[in-house]
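**Q** What follows is the file final00.csv, containing CSV, C-alpha atoms:
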chain,number,residue,atom,x,y,z
V,103,MET,CA,-113.5,-42.4,-9.4
V,104,ALA,CA,-113.4,-46.0,-10.6
V,105,THR,CA,-112.3,-48.8,-8.1
V,106,VAL,CA,-111.8,-52.5,-8.4
V,107,ARG,CA,-112.6,-54.9,-5.6
V,108,LEU,CA,-109.7,-57.1,-4.5
V,109,ASN,CA,-111.7,-60.3,-5.1
V,110,GLU,CA,-112.0,-59.3,-8.8
V,111,VAL,CA,-108.2,-58.9,-8.9
V,112,ILE,CA,-107.7,-62.3,-7.3
V,113,ALA,CA,-110.1,-64.0,-9.7
V,114,LYS,CA,-108.7,-62.3,-12.8
V,115,MET,CA,-105.0,-62.7,-12.0
V,116,ASN,CA,-105.5,-66.3,-10.7
V,117,LEU,CA,-104.0,-65.5,-7.3
V,118,GLU,CA,-103.9,-67.6,-4.2
V,119,ASN,CA,-105.2,-66.0,-1.1
V,120,LEU,CA,-102.9,-66.7,1.9
V,121,THR,CA,-105.1,-64.8,4.3
V,122,PRO,CA,-108.6,-66.1,3.8
V,123,GLN,CA,-109.6,-64.7,7.2
V,124,ILE,CA,-109.6,-61.2,5.6
V,125,ASP,CA,-112.8,-60.1,3.7
V,126,VAL,CA,-111.3,-59.3,0.3
V,127,THR,CA,-114.6,-57.9,-1.1
V,128,LYS,CA,-114.3,-54.9,1.2
V,129,ILE,CA,-110.8,-54.0,-0.1
V,130,ARG,CA,-110.8,-51.7,-3.1
V,131,ILE,CA,-107.9,-50.8,-5.4
V,132,ARG,CA,-107.9,-47.2,-6.6
V,133,GLN,CA,-104.6,-46.9,-8.5
V,134,PRO,CA,-103.5,-48.7,-11.6
V,135,ASP,CA,-99.8,-48.5,-10.5
V,136,ILE,CA,-97.9,-51.0,-8.4
V,137,ASN,CA,-95.0,-50.7,-6.0
V,138,ARG,CA,-92.1,-53.0,-5.3
V,139,PRO,CA,-91.2,-52.2,-1.6
V,140,ALA,CA,-87.5,-52.9,-1.8
V,141,VAL,CA,-86.5,-49.5,-0.6
V,142,GLN,CA,-89.2,-49.6,2.2
V,143,MET,CA,-87.6,-52.9,3.5
V,144,THR,CA,-84.4,-51.0,4.1
V,145,GLY,CA,-86.3,-48.6,6.3
V,146,TYR,CA,-86.8,-45.7,3.9
V,147,PHE,CA,-90.5,-44.6,4.0
V,148,GLU,CA,-90.4,-41.2,2.4
V,149,HIS,CA,-92.7,-40.8,-0.7
V,150,PHE,CA,-94.0,-44.3,-0.1
V,151,ALA,CA,-97.1,-44.9,-2.3
V,152,ALA,CA,-99.0,-47.0,0.2
V,153,GLY,CA,-102.3,-47.1,-1.8
V,154,ARG,CA,-100.8,-49.2,-4.6
V,155,ILE,CA,-100.6,-53.0,-4.8
V,156,GLN,CA,-97.3,-54.0,-3.3
V,157,ILE,CA,-95.4,-56.7,-5.2
V,158,ILE,CA,-92.6,-58.7,-3.6
V,159,GLY,CA,-90.2,-60.5,-6.0
V,160,LEU,CA,-87.1,-62.5,-5.5
V,161,VAL,CA,-85.0,-59.4,-4.7
V,162,GLU,CA,-87.2,-58.1,-1.9
V,163,TYR,CA,-87.7,-61.6,-0.6
V,164,SER,CA,-84.0,-62.5,-0.3
V,165,TYR,CA,-83.3,-59.2,1.3
V,166,MET,CA,-86.1,-59.8,3.9
V,167,GLN,CA,-84.7,-63.3,4.6
V,168,GLN,CA,-81.3,-61.9,5.7
V,169,MET,CA,-82.7,-59.2,8.0
V,170,SER,CA,-82.2,-59.7,11.7
V,171,PRO,CA,-85.4,-60.7,13.7
V,172,GLU,CA,-85.5,-57.4,15.5
V,173,ARG,CA,-85.2,-55.5,12.3
V,174,LYS,CA,-87.9,-57.6,10.7
V,175,ASP,CA,-90.2,-56.9,13.6
V,176,GLU,CA,-89.6,-53.1,13.2
V,177,ILE,CA,-89.9,-52.9,9.4
V,178,TYR,CA,-92.8,-55.3,9.0
V,179,GLN,CA,-94.8,-53.6,11.6
V,180,ARG,CA,-94.2,-50.2,10.0
V,181,PHE,CA,-94.7,-51.4,6.5
V,182,LEU,CA,-97.9,-53.3,7.1
V,183,SER,CA,-99.6,-50.6,9.3
V,184,MET,CA,-99.4,-48.1,6.4
V,185,ASP,CA,-102.9,-48.7,5.0
V,186,ILE,CA,-101.8,-50.8,2.0
V,187,PRO,CA,-104.4,-52.8,0.1
V,188,CYS,CA,-102.5,-56.0,-0.4
V,189,VAL,CA,-99.1,-57.6,-0.8
V,190,VAL,CA,-98.5,-60.1,-3.7
V,191,PHE,CA,-95.7,-62.6,-3.5
V,192,CYS,CA,-94.5,-63.7,-6.9
V,193,ARG,CA,-92.8,-67.0,-7.9
V,194,GLU,CA,-94.7,-68.8,-5.2
V,195,LEU,CA,-92.6,-67.3,-2.5
V,196,GLU,CA,-94.2,-67.5,0.9
V,197,PRO,CA,-94.2,-64.9,3.7
V,198,ASP,CA,-92.6,-65.7,7.0
V,199,GLU,CA,-94.7,-66.1,10.2
V,200,LEU,CA,-93.9,-62.6,11.5
V,201,PHE,CA,-95.0,-61.0,8.2
V,202,MET,CA,-98.2,-63.0,8.3
V,203,LYS,CA,-98.9,-62.0,11.9
V,204,TYR,CA,-98.6,-58.2,11.2
V,205,ALA,CA,-100.6,-58.6,8.0
V,206,LEU,CA,-103.5,-60.2,9.8
V,207,LYS,CA,-103.3,-57.7,12.6
V,208,ASN,CA,-103.6,-54.8,10.1
V,209,GLY,CA,-106.1,-56.4,7.8
V,210,VAL,CA,-103.6,-56.5,4.8
V,211,ALA,CA,-104.4,-59.3,2.4
V,212,LEU,CA,-101.5,-61.5,1.4
V,213,LEU,CA,-101.7,-63.1,-2.1
V,214,MET,CA,-99.4,-65.4,-4.1
V,215,THR,CA,-98.9,-66.0,-7.7
V,216,LYS,CA,-96.9,-68.6,-9.7
V,217,ASP,CA,-95.9,-66.0,-12.3
V,218,ALA,CA,-92.4,-64.4,-12.5
V,219,THR,CA,-92.4,-60.9,-11.1
V,220,SER,CA,-92.0,-58.8,-14.2
V,221,ASN,CA,-94.6,-60.8,-16.2
V,222,PHE,CA,-97.0,-60.4,-13.3
V,223,MET,CA,-96.3,-56.7,-13.1
V,224,GLY,CA,-96.9,-56.2,-16.8
V,225,GLU,CA,-100.2,-58.1,-16.7
V,226,ILE,CA,-101.6,-56.4,-13.7
V,227,ILE,CA,-100.7,-52.9,-14.7
V,228,ARG,CA,-102.3,-53.4,-18.2
V,229,TRP,CA,-105.5,-54.9,-16.7
V,230,LEU,CA,-105.8,-52.2,-13.9
V,231,ASN,CA,-105.2,-49.4,-16.4
V,232,ALA,CA,-108.2,-50.6,-18.5
V,233,ARG,CA,-110.4,-51.2,-15.4
V,234,LEU,CA,-109.5,-48.0,-13.6
V,235,ALA,CA,-109.5,-45.8,-16.7
V,236,PRO,CA,-111.6,-42.6,-16.4
V,237,CYS,CA,-115.2,-43.4,-17.5
V,238,ILE,CA,-118.3,-41.6,-18.6
V,239,THR,CA,-121.7,-42.8,-19.7
V,240,ILE,CA,-123.2,-41.1,-22.7
V,241,HIS,CA,-126.5,-41.3,-24.6
V,242,GLY,CA,-126.0,-43.0,-27.9
V,243,VAL,CA,-125.6,-46.3,-29.8
V,244,LEU,CA,-122.3,-48.0,-30.4
V,245,ILE,CA,-122.0,-50.4,-33.3
V,246,ASP,CA,-119.2,-52.1,-35.1
V,247,VAL,CA,-119.4,-51.3,-38.9
V,248,TYR,CA,-116.8,-53.1,-41.0
V,249,GLY,CA,-114.5,-53.1,-38.0
V,250,VAL,CA,-114.9,-49.4,-37.3
V,251,GLY,CA,-116.5,-48.5,-34.0
V,252,VAL,CA,-119.3,-46.0,-34.9
V,253,LEU,CA,-120.9,-44.1,-32.1
V,254,ILE,CA,-124.3,-42.8,-33.2
V,255,THR,CA,-125.6,-39.8,-31.1
V,256,GLY,CA,-128.6,-37.5,-31.3
V,257,GLU,CA,-131.8,-36.5,-29.6
V,258,SER,CA,-134.2,-39.0,-28.0
V,259,GLY,CA,-136.5,-40.4,-30.7
V,260,ILE,CA,-134.5,-39.3,-33.7
V,261,GLY,CA,-134.1,-42.9,-34.8
V,262,LYS,CA,-130.7,-44.1,-33.4
V,263,SER,CA,-132.1,-47.5,-32.4
V,264,GLU,CA,-133.9,-48.1,-35.7
V,265,MET,CA,-130.6,-47.3,-37.5
V,266,ALA,CA,-128.8,-49.7,-35.3
V,267,LEU,CA,-131.4,-52.4,-36.0
V,268,GLU,CA,-131.0,-51.9,-39.8
V,269,LEU,CA,-127.2,-52.1,-39.5
V,270,ILE,CA,-127.5,-55.3,-37.5
V,271,LYS,CA,-129.7,-56.8,-40.2
V,272,ARG,CA,-127.0,-55.9,-42.7
V,273,GLY,CA,-124.5,-58.0,-40.7
V,274,HIS,CA,-122.9,-55.4,-38.4
V,275,ARG,CA,-122.5,-55.9,-34.7
V,276,LEU,CA,-124.1,-54.1,-31.8
V,277,VAL,CA,-122.1,-53.1,-28.7
V,278,SER,CA,-124.6,-51.0,-26.9
V,279,ASP,CA,-128.0,-49.3,-27.4
V,280,ASP,CA,-129.0,-46.1,-25.7
V,281,VAL,CA,-126.3,-46.0,-23.1
V,282,VAL,CA,-122.6,-46.3,-23.8
V,283,GLU,CA,-119.9,-46.5,-21.1
V,284,ILE,CA,-116.8,-44.9,-22.5
V,285,ARG,CA,-113.4,-45.6,-21.0
V,286,LYS,CA,-110.2,-43.7,-21.8
V,287,VAL,CA,-107.6,-46.4,-21.8
V,288,SER,CA,-104.9,-44.2,-23.4
V,289,GLU,CA,-104.4,-40.8,-24.9
V,290,ASP,CA,-105.7,-41.9,-28.3
V,291,THR,CA,-108.0,-44.8,-27.4
V,292,LEU,CA,-111.5,-44.7,-26.1
V,293,ILE,CA,-113.3,-48.0,-25.5
V,294,GLY,CA,-117.1,-48.3,-25.4
V,295,THR,CA,-119.1,-51.0,-23.6
V,296,ALA,CA,-122.6,-51.6,-22.6
V,297,PRO,CA,-123.8,-51.4,-18.9
V,298,LYS,CA,-124.4,-54.9,-17.6
V,299,ILE,CA,-128.1,-54.4,-17.2
V,300,THR,CA,-128.8,-53.4,-20.8
V,301,LYS,CA,-126.2,-55.4,-22.6
V,302,HIS,CA,-127.3,-56.5,-26.1
V,303,LEU,CA,-130.8,-55.1,-25.7
V,304,ILE,CA,-132.4,-52.6,-27.9
V,305,GLU,CA,-135.5,-50.5,-27.1
V,306,LEU,CA,-137.8,-49.9,-30.1
V,307,ARG,CA,-140.6,-47.5,-29.6
V,308,GLY,CA,-144.0,-49.2,-29.9
V,309,ILE,CA,-142.5,-52.7,-29.6
V,310,GLY,CA,-140.5,-52.5,-26.4
V,311,ILE,CA,-137.2,-54.3,-25.5
V,312,ILE,CA,-135.8,-56.8,-27.9
V,313,ASP,CA,-132.7,-59.0,-27.3
V,314,VAL,CA,-130.4,-58.8,-30.2
V,315,LYS,CA,-128.2,-61.7,-29.2
V,316,THR,CA,-131.0,-64.2,-28.9
V,317,LEU,CA,-132.9,-62.9,-32.0
V,318,PHE,CA,-130.0,-62.5,-34.4
V,319,GLY,CA,-127.3,-64.6,-32.9
V,320,VAL,CA,-123.9,-64.2,-31.3
V,321,SER,CA,-122.4,-62.9,-34.6
V,322,SER,CA,-124.6,-59.8,-34.3
V,323,VAL,CA,-123.1,-58.5,-31.1
V,324,ARG,CA,-119.8,-57.8,-29.5
V,325,ASN,CA,-118.8,-56.8,-25.9
V,326,SER,CA,-116.6,-53.8,-26.5
V,327,GLN,CA,-115.2,-51.8,-29.3
V,328,ASN,CA,-113.0,-48.7,-29.8
V,329,ILE,CA,-114.7,-45.5,-30.7
V,330,ASP,CA,-113.3,-44.5,-34.0
V,331,LEU,CA,-116.0,-42.3,-35.5
V,332,VAL,CA,-119.0,-40.4,-34.2
V,333,ILE,CA,-122.2,-39.9,-36.2
V,334,GLU,CA,-124.4,-37.2,-34.9
V,335,LEU,CA,-128.0,-37.3,-36.2
V,336,GLU,CA,-129.7,-34.0,-36.5
V,337,GLU,CA,-133.1,-32.8,-37.6
V,338,TRP,CA,-132.6,-31.3,-41.1
V,339,SER,CA,-133.1,-27.6,-41.3
V,340,LYS,CA,-132.4,-25.0,-44.0
V,341,ASP,CA,-130.4,-22.7,-41.7
V,342,LYS,CA,-127.9,-25.3,-40.6
V,343,GLU,CA,-124.8,-26.0,-42.5
V,344,PHE,CA,-123.9,-29.6,-43.2
V,345,ASP,CA,-120.5,-30.7,-44.6
V,346,ARG,CA,-120.7,-31.1,-48.4
V,347,LEU,CA,-117.0,-31.9,-49.2
V,348,GLY,CA,-115.4,-33.4,-46.2
V,349,LEU,CA,-112.1,-31.6,-46.7
V,350,GLU,CA,-111.8,-30.7,-43.1
V,351,GLU,CA,-112.6,-33.1,-40.3
V,352,HIS,CA,-114.7,-32.1,-37.4
V,353,HIS,CA,-114.0,-33.5,-34.0
V,354,ILE,CA,-115.8,-34.1,-30.7
V,355,GLU,CA,-114.1,-34.5,-27.4
V,356,TYR,CA,-114.7,-37.3,-24.9
V,357,LEU,CA,-112.6,-37.4,-21.7
V,358,GLY,CA,-110.0,-35.2,-23.5
V,359,ASN,CA,-109.6,-37.5,-26.5
V,360,ARG,CA,-110.7,-36.2,-29.9
V,361,VAL,CA,-112.8,-38.3,-32.2
V,362,VAL,CA,-113.8,-37.6,-35.8
V,363,CYS,CA,-117.5,-36.5,-35.9
V,364,HIS,CA,-119.9,-36.3,-38.8
V,365,LYS,CA,-123.2,-34.4,-38.5
V,366,ILE,CA,-125.9,-36.2,-40.6
V,367,PRO,CA,-129.1,-34.4,-41.4
V,368,ILE,CA,-132.3,-36.5,-41.0
V,369,ARG,CA,-134.9,-36.2,-43.7
V,370,PRO,CA,-137.7,-38.6,-44.7
V,371,GLY,CA,-136.5,-41.1,-47.3
V,372,ARG,CA,-132.8,-41.0,-46.4
V,373,ASN,CA,-131.3,-44.5,-45.9
V,374,LEU,CA,-129.4,-43.9,-42.7
V,375,ALA,CA,-127.8,-47.4,-42.5
V,376,ILE,CA,-126.2,-47.1,-45.9
V,377,ILE,CA,-124.9,-43.6,-45.1
V,378,CYS,CA,-123.4,-45.0,-41.9
V,379,GLU,CA,-121.7,-47.9,-43.8
V,380,ALA,CA,-120.3,-45.4,-46.3
V,381,ALA,CA,-119.0,-43.2,-43.5
V,382,ALA,CA,-117.3,-46.1,-41.8
V,383,VAL,CA,-115.6,-47.4,-45.0
V,384,ASN,CA,-114.6,-43.9,-46.0
V,385,HIS,CA,-113.0,-43.5,-42.5
V,386,ARG,CA,-111.0,-46.7,-43.1
V,387,GLN,CA,-109.9,-45.5,-46.5
V,388,LYS,CA,-108.7,-42.2,-45.0
V,389,LEU,CA,-106.7,-44.1,-42.4
V,390,MET,CA,-105.2,-46.0,-45.3
V,391,GLY,CA,-104.1,-42.8,-46.9
V,392,TYR,CA,-106.7,-41.9,-49.5
V,393,ASN,CA,-109.0,-39.0,-49.1
V,394,ALA,CA,-111.7,-38.6,-51.8
V,395,ALA,CA,-112.4,-34.9,-51.0
V,396,GLN,CA,-108.7,-34.1,-51.5
V,397,GLU,CA,-108.7,-36.1,-54.7
V,398,LEU,CA,-111.5,-34.0,-56.0
V,399,TYR,CA,-109.7,-30.8,-54.9
V,400,LYS,CA,-106.6,-31.9,-56.7
V,401,ARG,CA,-108.5,-32.7,-59.9
V,402,VAL,CA,-110.1,-29.3,-59.9
V,403,GLN,CA,-106.8,-27.6,-59.2
V,404,ALA,CA,-105.1,-29.5,-62.0
V,405,ASN,CA,-107.9,-28.6,-64.4
V,406,LEU,CA,-107.4,-24.9,-63.5
V,407,MET,CA,-103.7,-25.1,-64.2
V,408,GLY,CA,-104.3,-26.9,-67.5
V,409,GLY,CA,-106.2,-23.8,-68.9
V,410,ASN,CA,-109.8,-24.8,-68.2
V,411,ARG,CA,-109.9,-27.2,-71.1
V,412,ASP,CA,-111.2,-30.6,-70.7
V,413,ASP,CA,-109.0,-32.6,-73.0
V,414,GLU,CA,-110.5,-36.0,-72.2
V,415,ASP,CA,-113.2,-35.5,-74.8
V,416,ASP,CA,-110.8,-35.3,-77.7
G,291,MET,CA,-131.1,-24.7,-17.1
G,292,MET,CA,-132.4,-25.9,-13.7
G,293,LYS,CA,-130.7,-28.3,-11.3
G,294,LYS,CA,-132.0,-30.0,-8.2
G,295,SER,CA,-130.5,-32.6,-6.0
G,296,ILE,CA,-132.6,-35.2,-4.2
G,297,LYS,CA,-131.5,-37.8,-1.6
G,298,ILE,CA,-132.9,-41.2,-2.6
G,299,SER,CA,-134.4,-43.5,0.0
G,300,CYS,CA,-135.5,-46.8,-1.5
G,301,PRO,CA,-134.4,-49.7,0.7
G,302,GLY,CA,-135.7,-52.3,-1.8
G,303,GLY,CA,-134.3,-50.7,-4.9
G,304,LEU,CA,-136.3,-49.4,-7.9
G,305,GLU,CA,-138.4,-51.8,-10.1
G,306,PRO,CA,-138.5,-51.6,-13.9
G,307,ARG,CA,-142.2,-50.5,-14.2
G,308,PRO,CA,-142.0,-47.3,-12.2
G,309,ILE,CA,-138.8,-46.4,-14.1
G,310,ALA,CA,-140.7,-46.8,-17.3
G,311,GLU,CA,-143.4,-44.5,-15.9
G,312,LEU,CA,-140.8,-41.9,-15.0
G,313,VAL,CA,-139.4,-42.1,-18.6
G,314,GLN,CA,-142.9,-41.4,-19.9
G,315,VAL,CA,-143.2,-38.4,-17.6
G,316,ALA,CA,-139.9,-37.0,-18.8
G,317,SER,CA,-140.7,-37.7,-22.5
G,318,LYS,CA,-143.8,-35.4,-22.3
G,319,TYR,CA,-141.4,-32.4,-22.2
G,320,GLU,CA,-139.4,-30.7,-24.8
G,321,SER,CA,-136.5,-29.9,-22.5
G,322,LYS,CA,-133.4,-31.9,-22.2
G,323,ILE,CA,-133.6,-33.8,-18.9
G,324,TYR,CA,-130.8,-35.6,-17.3
G,325,LEU,CA,-130.5,-37.6,-14.1
G,326,GLU,CA,-127.1,-37.8,-12.5
G,327,THR,CA,-125.6,-39.9,-9.7
G,328,ASP,CA,-121.9,-39.5,-8.8
G,329,THR,CA,-120.8,-42.1,-11.3
G,330,LYS,CA,-123.5,-41.9,-14.1
G,331,ARG,CA,-125.3,-39.3,-16.1
G,332,VAL,CA,-128.3,-40.5,-18.2
G,333,ASN,CA,-131.0,-39.1,-20.4
G,334,ALA,CA,-134.3,-39.3,-18.5
G,335,LYS,CA,-136.1,-40.0,-21.7
G,336,SER,CA,-134.1,-43.1,-22.4
G,337,ILE,CA,-135.5,-46.3,-20.9
G,338,MET,CA,-132.3,-48.2,-21.2
G,339,GLY,CA,-130.3,-45.4,-19.6
G,340,MET,CA,-132.7,-45.2,-16.7
G,341,MET,CA,-132.6,-48.9,-16.2
G,342,SER,CA,-128.8,-48.9,-16.0
G,343,LEU,CA,-128.8,-46.0,-13.5
G,344,ASN,CA,-129.1,-48.6,-10.7
G,345,LEU,CA,-130.2,-46.3,-7.9
G,346,ALA,CA,-129.3,-47.4,-4.4
G,347,ASN,CA,-130.5,-46.3,-1.1
G,348,GLY,CA,-128.9,-43.1,0.1
G,349,ASP,CA,-127.7,-42.0,-3.3
G,350,LEU,CA,-127.7,-38.3,-4.2
G,351,LEU,CA,-129.7,-37.9,-7.4
G,352,THR,CA,-129.4,-34.7,-9.4
G,353,VAL,CA,-132.1,-33.8,-11.8
G,354,SER,CA,-131.3,-31.2,-14.5
G,355,ALA,CA,-133.7,-29.8,-17.1
G,356,ASP,CA,-132.8,-27.4,-19.9
G,357,GLY,CA,-135.3,-25.9,-22.3
G,358,ASN,CA,-138.5,-23.9,-22.7
G,359,ASP,CA,-140.6,-26.1,-20.4
G,360,GLU,CA,-137.9,-26.9,-17.9
G,361,GLU,CA,-139.9,-25.6,-14.9
G,362,GLY,CA,-142.9,-27.8,-15.5
G,363,ALA,CA,-140.6,-30.8,-16.2
G,364,MET,CA,-138.7,-30.3,-13.0
G,365,ASP,CA,-141.9,-29.9,-10.9
G,366,GLU,CA,-143.5,-33.0,-12.3
G,367,ILE,CA,-140.5,-35.2,-12.1
G,368,GLN,CA,-139.9,-34.1,-8.5
G,369,SER,CA,-143.5,-34.7,-7.5
G,370,PHE,CA,-143.4,-38.1,-9.3
G,371,LEU,CA,-140.3,-39.2,-7.4
G,372,LYS,CA,-141.8,-38.0,-4.1
G,373,ASP,CA,-145.5,-39.0,-4.3
G,374,LYS,CA,-145.7,-41.9,-6.7
G,375,LEU,CA,-142.4,-43.6,-6.0
G,376,ASN,CA,-141.9,-42.5,-2.4
G,377,LEU,CA,-138.2,-42.1,-3.1
G,378,VAL,CA,-137.8,-39.0,-1.0
G,379,SER,CA,-137.7,-39.4,2.7
Write out the structure in this file as structure tokens.
**A**
Amino acid sequence: MATVRLNEVIAKMNLENLTPQIDVTKIRIRQPDINRPAVQMTGYFEHFAAGRIQIIGLVEYSYMQQMSPERKDEIYQRFLSMDIPCVVFCRELEPDELFMKYALKNGVALLMTKDATSNFMGEIIRWLNARLAPCITIHGVLIDVYGVGVLITGESGIGKSEMALELIKRGHRLVSDDVVEIRKVSEDTLIGTAPKITKHLIELRGIGIIDVKTLFGVSSVRNSQNIDLVIELEEWSKDKEFDRLGLEEHHIEYLGNRVVCHKIPIRPGRNLAIICEAAAVNHRQKLMGYNAAQELYKRVQANLMGGNRDDEDD
Amino acid sequence: MMKKSIKISCPGGLEPRPIAELVQVASKYESKIYLETDTKRVNAKSIMGMMSLNLANGDLLTVSADGNDEEGAMDEIQSFLKDKLNLVS
């Protein structure tokens, strides 16, 4: 399960820490959702999602201000002892002393932002969703070819890295070699990145590690890319069937999302980089509504209907 | 398909050179060999994968091997982790 440290949230969202005494590197956020504790301030704690980031806006704040001191004492104590990760005050609102006291006592970090409440909520949910998305690491190469994120997979030593190098030399951009971290950010989007340690590096057998960014420049790499297309390299064999028309699309599943997958047979003398480029452009063309295999199918059908005669030669 | 879990003890972390040696050991075998921690699963024959595994002290490492020579692979990797790298307490 992915988690985010609170100090990362503070740095990313540009928050002010009102409780510097608390070690924010030890607090971890596990849920991408947030909660506005308006109902909790009235004393209703059923179904309270304590694990979420708690956000206090103008409504909660003005309600809290008109509570009697005894009521404040009771509610604050109950609210802040419920194992919540942090409370964010929006619009530069500041917590009262009592709130601060119970927060420090329970180790709940208090943070403050200048942003308006709904803007802040939108931003933090979007960011947390991307950061806490389900993640797997797979063995493969991710490269941006004409803007299409192509994931190249296949056995060790089949030539994925060499293919990537050739594509880079042709002006395409590397995301990650050998290890790709895939995050599911939505039901139809997978995003691939490189692990920090191996970012922008390629391993070539016989040469070792090369740094693509310093060798070929910033324009030859990118940090992340959607996974639009998978190319699976396979040792060519007579018994295996490979797609000849491309009428049907084959898919592969990662984290429950389906991605179009082409199996490409490897044989000496095949120019893999150019095949990969063609696959990427063809994928774009399909998305734009044109399918060459269907066009061929249509032409053959029309020819049959027209009585098998080829009139074009007349 | 064979699977074995090993508890890692390496207070100082694992350096690149022994990782590369471990990849060499794995690459000798035909079988598909994977190393798994609770967050990552990497191909043991891939240098970059193994470097990004980032083993920490106390991690539970699961080695899996699948193929004709899986037994030999499993034995050699286990003894490599134990005797050469002193990762097993």
**Q** Show which residues sit within 7 Å of Leu345 in chain G, as a list in words. Count all atoms listed in the file, and ignore same-chain residues fewer than 3 positions away.
**A**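 Near neighbours after the sequence-gap exclusion: Gly303, Leu304 and Asp349 of chain G.
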**Q** Taking C-alpha atoms for each residue, export the selection above as a PDB file, in the coordinates of the input.
**A**
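For reference, out20.pdb as written:
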ATOM      1  CA  GLY G 303    -134.300 -50.700  -4.900  1.00  0.00           C
ATOM      2  CA  LEU G 304    -136.300 -49.400  -7.900  1.00  0.00           C
ATOM      3  CA  ASP G 349    -127.700 -42.000  -3.300  1.00  0.00           C
TER       4      ASP G 349
END
**Q** Would you mind telling me which residue in V:Ser170, V:Thr215, V:Gln133, V:Ser288 lies nearest to Val189 in chain V when using all atoms listed in the file?
**A**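 The shortest atom-to-atom distance to Val189 in chain V comes from V:Thr215.
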**Q** With distances taken over all atoms listed in the file, which residue among V:Arg173, V:Pro187, V:Glu118, V:Lys262 lies nearest Ala151 in chain V?
**A** V:Pro187
**Q** Determine, counting all atoms listed in the file, which protein, DNA and RNA residues have an atom within 9 Å of an atom of Gly357 in chain G; residues of the same chain fewer than 5 positions away are not included. Present the result as a PyMOL selection string.
**A** chain G and resi 291+319-323
**Q** Which residues of chain G come within 12 Å of chain V, and what is each one's closest atom pair and distance in Å (one decimal), counting all atoms listed in the file, sorted by chain and residue number, as JSON lines?
**A**
{"residue": "G:Pro306", "atom": "CA", "partner": "V:Ile299", "partner_atom": "CA", "distance": 11.3}
{"residue": "G:Ala310", "atom": "CA", "partner": "V:Gly310", "partner_atom": "CA", "distance": 10.7}
{"residue": "G:Val313", "atom": "CA", "partner": "V:Ser258", "partner_atom": "CA", "distance": 11.2}
{"residue": "G:Gln314", "atom": "CA", "partner": "V:Arg307", "partner_atom": "CA", "distance": 11.7}
{"residue": "G:Ala316", "atom": "CA", "partner": "V:Ser258", "partner_atom": "CA", "distance": 11.0}
{"residue": "G:Ser317", "atom": "CA", "partner": "V:Ser258", "partner_atom": "CA", "distance": 8.6}
{"residue": "G:Lys318", "atom": "CA", "partner": "V:Ser258", "partner_atom": "CA", "distance": 11.7}
{"residue": "G:Tyr319", "atom": "CA", "partner": "V:Ser258", "partner_atom": "CA", "distance": 11.4}
{"residue": "G:Glu320", "atom": "CA", "partner": "V:Ser258", "partner_atom": "CA", "distance": 10.3}
{"residue": "G:Ser321", "atom": "CA", "partner": "V:Glu257", "partner_atom": "CA", "distance": 10.8}
{"residue": "G:Lys322", "atom": "CA", "partner": "V:Glu257", "partner_atom": "CA", "distance": 8.9}
{"residue": "G:Ile323", "atom": "CA", "partner": "V:Ser258", "partner_atom": "CA", "distance": 10.5}
{"residue": "G:Tyr324", "atom": "CA", "partner": "V:His241", "partner_atom": "CA", "distance": 10.2}
{"residue": "G:Leu325", "atom": "CA", "partner": "V:Thr239", "partner_atom": "CA", "distance": 11.7}
{"residue": "G:Glu326", "atom": "CA", "partner": "V:Thr239", "partner_atom": "CA", "distance": 10.3}
{"residue": "G:Thr327", "atom": "CA", "partner": "V:Thr239", "partner_atom": "CA", "distance": 11.1}
{"residue": "G:Asp328", "atom": "CA", "partner": "V:Met103", "partner_atom": "CA", "distance": 8.9}
{"residue": "G:Thr329", "atom": "CA", "partner": "V:Met103", "partner_atom": "CA", "distance": 7.5}
{"residue": "G:Lys330", "atom": "CA", "partner": "V:Thr239", "partner_atom": "CA", "distance": 6.0}
{"residue": "G:Arg331", "atom": "CA", "partner": "V:Thr239", "partner_atom": "CA", "distance": 6.2}
{"residue": "G:Val332", "atom": "CA", "partner": "V:His241", "partner_atom": "CA", "distance": 6.7}
{"residue": "G:Asn333", "atom": "CA", "partner": "V:His241", "partner_atom": "CA", "distance": 6.5}
{"residue": "G:Ala334", "atom": "CA", "partner": "V:Ser258", "partner_atom": "CA", "distance": 9.5}
{"residue": "G:Lys335", "atom": "CA", "partner": "V:Ser258", "partner_atom": "CA", "distance": 6.7}
{"residue": "G:Ser336", "atom": "CA", "partner": "V:Asp280", "partner_atom": "CA", "distance": 6.8}
{"residue": "G:Ile337", "atom": "CA", "partner": "V:Glu305", "partner_atom": "CA", "distance": 7.5}
{"residue": "G:Met338", "atom": "CA", "partner": "V:Asp280", "partner_atom": "CA", "distance": 6.0}
{"residue": "G:Gly339", "atom": "CA", "partner": "V:Val281", "partner_atom": "CA", "distance": 5.3}
{"residue": "G:Met340", "atom": "CA", "partner": "V:Val281", "partner_atom": "CA", "distance": 9.1}
{"residue": "G:Met341", "atom": "CA", "partner": "V:Ile299", "partner_atom": "CA", "distance": 7.2}
{"residue": "G:Ser342", "atom": "CA", "partner": "V:Ile299", "partner_atom": "CA", "distance": 5.7}
{"residue": "G:Leu343", "atom": "CA", "partner": "V:Pro297", "partner_atom": "CA", "distance": 9.1}
{"residue": "G:Asn344", "atom": "CA", "partner": "V:Ile299", "partner_atom": "CA", "distance": 8.8}
**Q** As a PyMOL selection string, please: the residues near Arg360 in chain V (cut-off 12 Å, only C-alpha atoms, same-chain neighbours under 2 positions excluded).
**A** chain V and resi 286+288-292+329-332+351-358+362-363
**Q** Identify, on the basis of only C-alpha atoms, every residue whose closest approach to Arg272 in chain V does not exceed 9 Å; exclude the query and any residue fewer than 4 positions from it along the same chain; express the result as a list in words.
**A**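 The residues satisfying every condition are Leu267, Glu268 and Ala375 of chain V.
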